[in-house]
Amino acid sequence: MNSLRALAAVFFLVLASGVAARADDVSLTSRDGSIQLTGTLLTFDGEFYRVDTEFGILTVDSSGVTCEGPGCPSLGPFVAELVISGAHTMGEVLFPALVEGFALREGYALKREEVLGIGTLYTLYDGASGQEQARITIKLTTSAEGFADLLGQQADMVLSMRQASTRERSMAREAGLGDLRIARQSRVIALDALVPIVAPGNPVTKLSIAQLAAIYAGKITNWRELGGEDAPITPYLMDIEEGFGPAFMQQVIAASGVTLSDRVRFHPSVTALNDAIASDPFGIAITSFMRPGNGEVVQLSGSCGFRVRATSRSIKSEDYPLTMPMYLYLPERRLPLLGREFLSYLRTDSAQFVTRRAGFVDQALTRIPIQDQGDRMANAIAAAGEEIALGELKRMIDTFDGKDRLSISFRFEGGSTRLDAPSRSNVALLAKALESGRFDGHQMVFVGFSDGQGAAEQNLDLARKRATSVRAQVLAQLEAFDDTRVDLRVDAFGEAMPMACDDSAWGRSVNRRVEIWVD
């Protein structure tokens, strides 16, 4: 019976350490010698062997077996190895800062080396003994190459400026790497946004998404058509395959039903884009909110009069329509203990502080007082149609009186009630905050809103159902929580407070949301 327990840790769960080890023959024998498992060692994470056997890939608890053969790991102290591969934008600044913050917080000594053609190698040492504990490699590649490394067993984590594609998710499932859509295997690490910039002095200070798409599709070619000078527009853009290129193509070009004009001039980096605008008084570029250079950021507006400015607050709450989440993807494998501790660190307030210092928009929960939301309230009154009675607007203001809005929102995938990827990550963030006791003794209201398509009564009902669903998903994430500690309520106001115009797909998606209000 003991020997069976020894091998009961053989899981058909495709768990593994992060870095692929040498493929060599090993024999794992139960402590009483009655059971022996032979195969090719794939990885060892200090706790579990992952072996390719005649029965398939199995994971075995090292405490229950002995290892013999040329592939067995060294008997010396275990050194965890992690490879993080993906988007250059994330790997160059953000993740080095997070690794260094993690090492400082956990008391590790740290050595940093730049590896030509690869990226950065960090070696972590025990602060007291000086014993090597881990090697963390950050490969500066692209989002696509990061996923390729994951599929090829060459990376433990993927840094991506976009969501995994349908093809990448399918290949991951076929490779036994799990479902890259679920919250356990994907999370948002930080936020940025796409912003249009023009040369200082350009009189055009606002554009609609439709106008922006028309510029890059070659349908609007002169600034005079936008209220500016009589001069040709020169549109600039980065590579449409990487960085924020795919997000622009999906959220602006494809969503508007147009194609990119051959008039667009491409540059390889954000710096090059900013330099182009600095030297071209009639240019426009799509760049990063965090690195706009000396260009003037153009506000986004709509035909209904809405105007949204890109700020850290509007990006964090995803009220800004071109918010750009930065994703971390993981395979369904067991990481070494240090890797799991690093993942836990990424959820901490310390990591959020590091993210801000690195120049990105963090995900720390902050309160937005109602008095700081005058524009939103004014929009609500201005956009209220005949189906929204004055009494409902008054009820909304009374409900929010004395409360603050939290800086996260929950939105949904198009045509469904399924939360989008950033919102699934937000569920975990809010659950962690509730478990920490941060909102003990307070009232928290999950407030649903809808777009204006269809009857107001139906929209109100749908908004309430979505708010109820989000509350349930947050509660399902809580492991040890007494719901009497916080008064968790649900309310809804349907289409009463739109954040954008309903005349576009992105506007409607922004309006379909659940907000969190706390007293």
# chains A, B, ... in the order shown; residues from 1 in each chain; ligands from 1
$ select_by_dssp --residues "range 73-175 of chain A" --states "alpha helix (DSSP H)" --output "PyMOL selection string"
chain A and resi 88-89+95-106+143-151+166-174
$ select_by_dssp --residues "range 234-287 of chain A" --states "strand (DSSP E)" --output "PyMOL selection string"
chain A and resi 234-237+265-266+283-287
$ closest_residue --among "A:Val445, A:Ala190, A:Leu260, A:Leu237" --to "Met324 in chain A" --atoms "only C-alpha atoms"
A:Ala190
$ closest_atom_pairs --of "range 134-209 of chain A" --to "range 85-97 of chain A" --cutoff "6 Å" --atoms "only C-alpha atoms" --output "Markdown table"
| residue | atom | partner | partner_atom | distance |
| --- | --- | --- | --- | --- |
| A:Ile138 | CA | A:Ser85 | CA | 5.9 |
| A:Lys139 | CA | A:Ser85 | CA | 4.6 |
| A:Leu140 | CA | A:His88 | CA | 4.9 |
| A:Thr141 | CA | A:Gly86 | CA | 5.0 |
| A:Thr142 | CA | A:Ala87 | CA | 4.2 |
| A:Ser143 | CA | A:Gly86 | CA | 4.7 |
| A:Gly146 | CA | A:Gly86 | CA | 4.0 |
| A:Val158 | CA | A:Ser85 | CA | 5.2 |
| A:Leu159 | CA | A:Gly86 | CA | 4.4 |
| A:Ser160 | CA | A:Ala87 | CA | 5.3 |
$ residues_around --residues "Gly441 in chain A" --least-positions-apart "4" --cutoff "10 Å" --atoms "only C-alpha atoms" --output "PDB file with C-alpha atoms, in the first residue's frame"
ATOM      1  CA  GLY A 437      -9.717  42.278   4.817  1.00  0.00           C
ATOM      2  CA  THR A 484     -20.671  38.881   6.590  1.00  0.00           C
ATOM      3  CA  ARG A 485     -17.426  40.873   6.724  1.00  0.00           C
ATOM      4  CA  VAL A 486     -18.433  42.897   3.668  1.00  0.00           C
ATOM      5  CA  ASP A 487     -21.931  43.881   2.561  1.00  0.00           C
ATOM      6  CA  ASP A 519     -18.543  53.344   0.806  1.00  0.00           C
TER       7      ASP A 519
END
$ closest_residue --among "A:Asp239, A:Asp32, A:Glu413, A:Asp372" --to "Ser269 in chain A" --atoms "only C-alpha atoms"
A:Asp239
$ residues_around --residues "range 99-110 of chain A" --least-positions-apart "2" --cutoff "6 Å" --atoms "only C-alpha atoms" --output "number ranges by chain"
A: 96-97, 123-127
$ atom_distance --atom1 "CA of Arg265 in chain A" --atom2 "CA of Tyr236 in chain A"
4.8 Å
$ residues_around --residues "range 500-515 of chain A" --least-positions-apart "5" --cutoff "6 Å" --atoms "only C-alpha atoms" --output "number ranges by chain"
A: 302, 304, 409-411, 446-451, 467
$ atom_distance --atom1 "CA of Ala278 in chain A" --atom2 "CA of Glu296 in chain A"
10.0 Å
$ residues_around --residues "Glu318 in chain A" --least-positions-apart "3" --cutoff "8 Å" --atoms "only C-alpha atoms" --output "count of residues only"
7
$ closest_residue --among "A:Asn459, A:Thr205, A:Gln371, A:Gln211" --to "Val308 in chain A" --atoms "only C-alpha atoms"
A:Thr205
$ closest_residue --among "A:Val298, A:Val198, A:Ala183, A:Val264" --to "Tyr216 in chain A" --atoms "only C-alpha atoms"
A:Val264
$ atom_distance --atom1 "CA of Gly46 in chain A" --atom2 "CA of Val83 in chain A"
16.1 Å
